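Quick notes on the structure that follows.
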Amino acid sequence: MERIVQEMPEDFRRCVEFHGHVCPGLAIGYRASKAGLEELHQRRASDEELVAIVENDACGVDAVQVLTGCTFGKGNLIHKDYGKQVFIFIDRESGRGVRVALRAGVIDPPKGETQHPMNREEKTRKILSLPQNELFSVREVSIPVPPKATIEPSVACDRCGEPTMRSKLEEVEGERLCRECLKSEGLGS
Ligand SMILES: [Zn+2]
Ligand SMILES: [Zn+2]
């Protein structure tokens, strides 16, 4: 696997450094980010802020963070727990962007088909070398982007006393409790 790293472009090596290892998932996120950024650059002003919506929280998301600069801390990386290799890149201002989805059967053979199973290195190489349109289906999307998180004052939870964003506290029998305390009471979700 380490051989792959030496052969690969500098930006893929940066993803590997951040993620900690080479794997097929990282390669998918790398290719998806490159595809998305390329599509967007053809028609967006470079100073517009990017938002990434990722439909999984696996290895590939690390490549998205490195290549797009979208992170949880900045509020421009949004996770949807759908378990799909789908990556959406949008301009915050306009809500217009591209949806990049891994095609079925690219990595694992379609159901019922017998094919010699690829090992992780073979999968990674395949993902890094396939033409983009064989790897992904890419289409334009227009999605309303959630507003940036606003800064709000913290209030101490009545149970644990820890400062908590006011809007995240819930009132139960006259007490304002954080979600962590609600959960340990068996009340929260
Ligand atoms: Zn990985
Ligand atoms: Zn609490």
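Labels used: A, B, ... for chains in the order of the structure tokens, numbers from 1 for residues in each chain, and numbers from 1 for ligands as shown.
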*Counting only C-alpha atoms and all ligand atoms, what residues are within 7 Å of ligand 2, given as an MDAnalysis selection string?*
chainID A and resid 157:162 177:181
Keeping only C-alpha atoms, write those residues as a PDB file, in the first residue's frame.
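result32.pdb written:
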ATOM      1  CA  CYS A 157     -27.422  22.919  33.275  1.00  0.00           C
ATOM      2  CA  ASP A 158     -29.430  22.562  36.480  1.00  0.00           C
ATOM      3  CA  ARG A 159     -28.150  19.009  37.013  1.00  0.00           C
ATOM      4  CA  CYS A 160     -24.434  18.928  36.076  1.00  0.00           C
ATOM      5  CA  GLY A 161     -23.793  22.658  36.188  1.00  0.00           C
ATOM      6  CA  GLU A 162     -21.849  22.645  32.923  1.00  0.00           C
ATOM      7  CA  LEU A 177     -31.220  20.051  31.648  1.00  0.00           C
ATOM      8  CA  CYS A 178     -28.502  19.398  29.077  1.00  0.00           C
ATOM      9  CA  ARG A 179     -28.969  16.508  26.668  1.00  0.00           C
ATOM     10  CA  GLU A 180     -26.263  14.479  28.366  1.00  0.00           C
ATOM     11  CA  CYS A 181     -28.113  14.626  31.679  1.00  0.00           C
TER      12      CYS A 181
END
*asked:* Show me which residues are within 9 Å of ligand 1 counting only C-alpha atoms and all ligand atoms, and format the list as a PyMOL selection string.
replied: chain A and resi 16+19-27+58-60+62
*asked:* What's the separation between CA of Ala52 (chain A) and CA of Arg13 (chain A), in Å to one decimal place?
replied: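 Those two atoms sit 21.0 Å apart.
With only C-alpha atoms as the atoms that count, the minimum distance from Asn56 (chain A) to the choices A:Gly83, A:Gly36, A:Gly69, A:Pro153 is reached by A:Gly83.
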*Can you list every residue in chain A that DSSP puts in helix (DSSP H, G or I), as a PyMOL selection string?*
chain A and resi 2-7+10-19+24-41+60-68+120-129+132-135+166-168+179-184
Skipping near chain neighbours, those fewer than 3 positions away, what residues fall within 8 Å of Asp11 (chain A) using only C-alpha atoms, listed as an mmCIF file with C-alpha atoms, in the first residue's frame?
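After the write, selection38.cif holds the following:
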data_model
loop_
_atom_site.group_PDB
_atom_site.id
_atom_site.type_symbol
_atom_site.label_atom_id
_atom_site.label_comp_id
_atom_site.auth_asym_id
_atom_site.auth_seq_id
_atom_site.Cartn_x
_atom_site.Cartn_y
_atom_site.Cartn_z
ATOM 1 C CA ARG A 14 -1.720 15.200 2.070
ATOM 2 C CA CYS A 15 -5.012 13.303 2.506
ATOM 3 C CA LEU A 67 -9.187 19.228 -0.203
#
_Every residue of region 119-161 of chain A that DSSP places in strand (DSSP E or B), as a VMD selection string_ = chain A and resid 136 to 142 154 to 156
Let's have the selection written as a PDB file, in the first residue's frame, with C-alpha atoms.
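Produced file result.pdb, reproduced below:
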ATOM      1  CA  PHE A 136     -19.293   8.651 -10.245  1.00  0.00           C
ATOM      2  CA  SER A 137     -22.540  10.010 -11.455  1.00  0.00           C
ATOM      3  CA  VAL A 138     -22.370  13.786 -11.134  1.00  0.00           C
ATOM      4  CA  ARG A 139     -25.301  16.128 -11.381  1.00  0.00           C
ATOM      5  CA  GLU A 140     -26.205  19.696 -10.543  1.00  0.00           C
ATOM      6  CA  VAL A 141     -28.294  20.332  -7.462  1.00  0.00           C
ATOM      7  CA  SER A 142     -29.889  23.295  -5.790  1.00  0.00           C
ATOM      8  CA  SER A 154     -24.291  29.430  27.551  1.00  0.00           C
ATOM      9  CA  VAL A 155     -26.417  28.656  30.576  1.00  0.00           C
ATOM     10  CA  ALA A 156     -25.488  26.196  33.334  1.00  0.00           C
TER      11      ALA A 156
END
*Can you tell me, as a PyMOL selection string, what residues are no more than 10 Å from Glu152 (chain A) when counting only C-alpha atoms, ignoring any on the same chain fewer than 2 positions away?*
chain A and resi 149-150+154-155+164-167
Convert the current residue selection to file output with C-alpha atoms, as a PDB file, in the first residue's frame.
ATOM      1  CA  ALA A 149     -24.521  28.581  13.584  1.00  0.00           C
ATOM      2  CA  THR A 150     -25.121  31.674  15.654  1.00  0.00           C
ATOM      3  CA  SER A 154     -24.291  29.430  27.551  1.00  0.00           C
ATOM      4  CA  VAL A 155     -26.417  28.656  30.576  1.00  0.00           C
ATOM      5  CA  THR A 164     -24.512  24.628  27.695  1.00  0.00           C
ATOM      6  CA  MET A 165     -25.832  26.465  24.628  1.00  0.00           C
ATOM      7  CA  ARG A 166     -29.177  27.821  25.785  1.00  0.00           C
ATOM      8  CA  SER A 167     -31.163  26.435  22.868  1.00  0.00           C
TER       9      SER A 167
END
*Record the distance separating CA of Ile151 (chain A) and CA of Glu49 (chain A), expressed in Å with one decimal.*
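Separation of CA of Ile151 (chain A) and CA of Glu49 (chain A): 19.2 Å.
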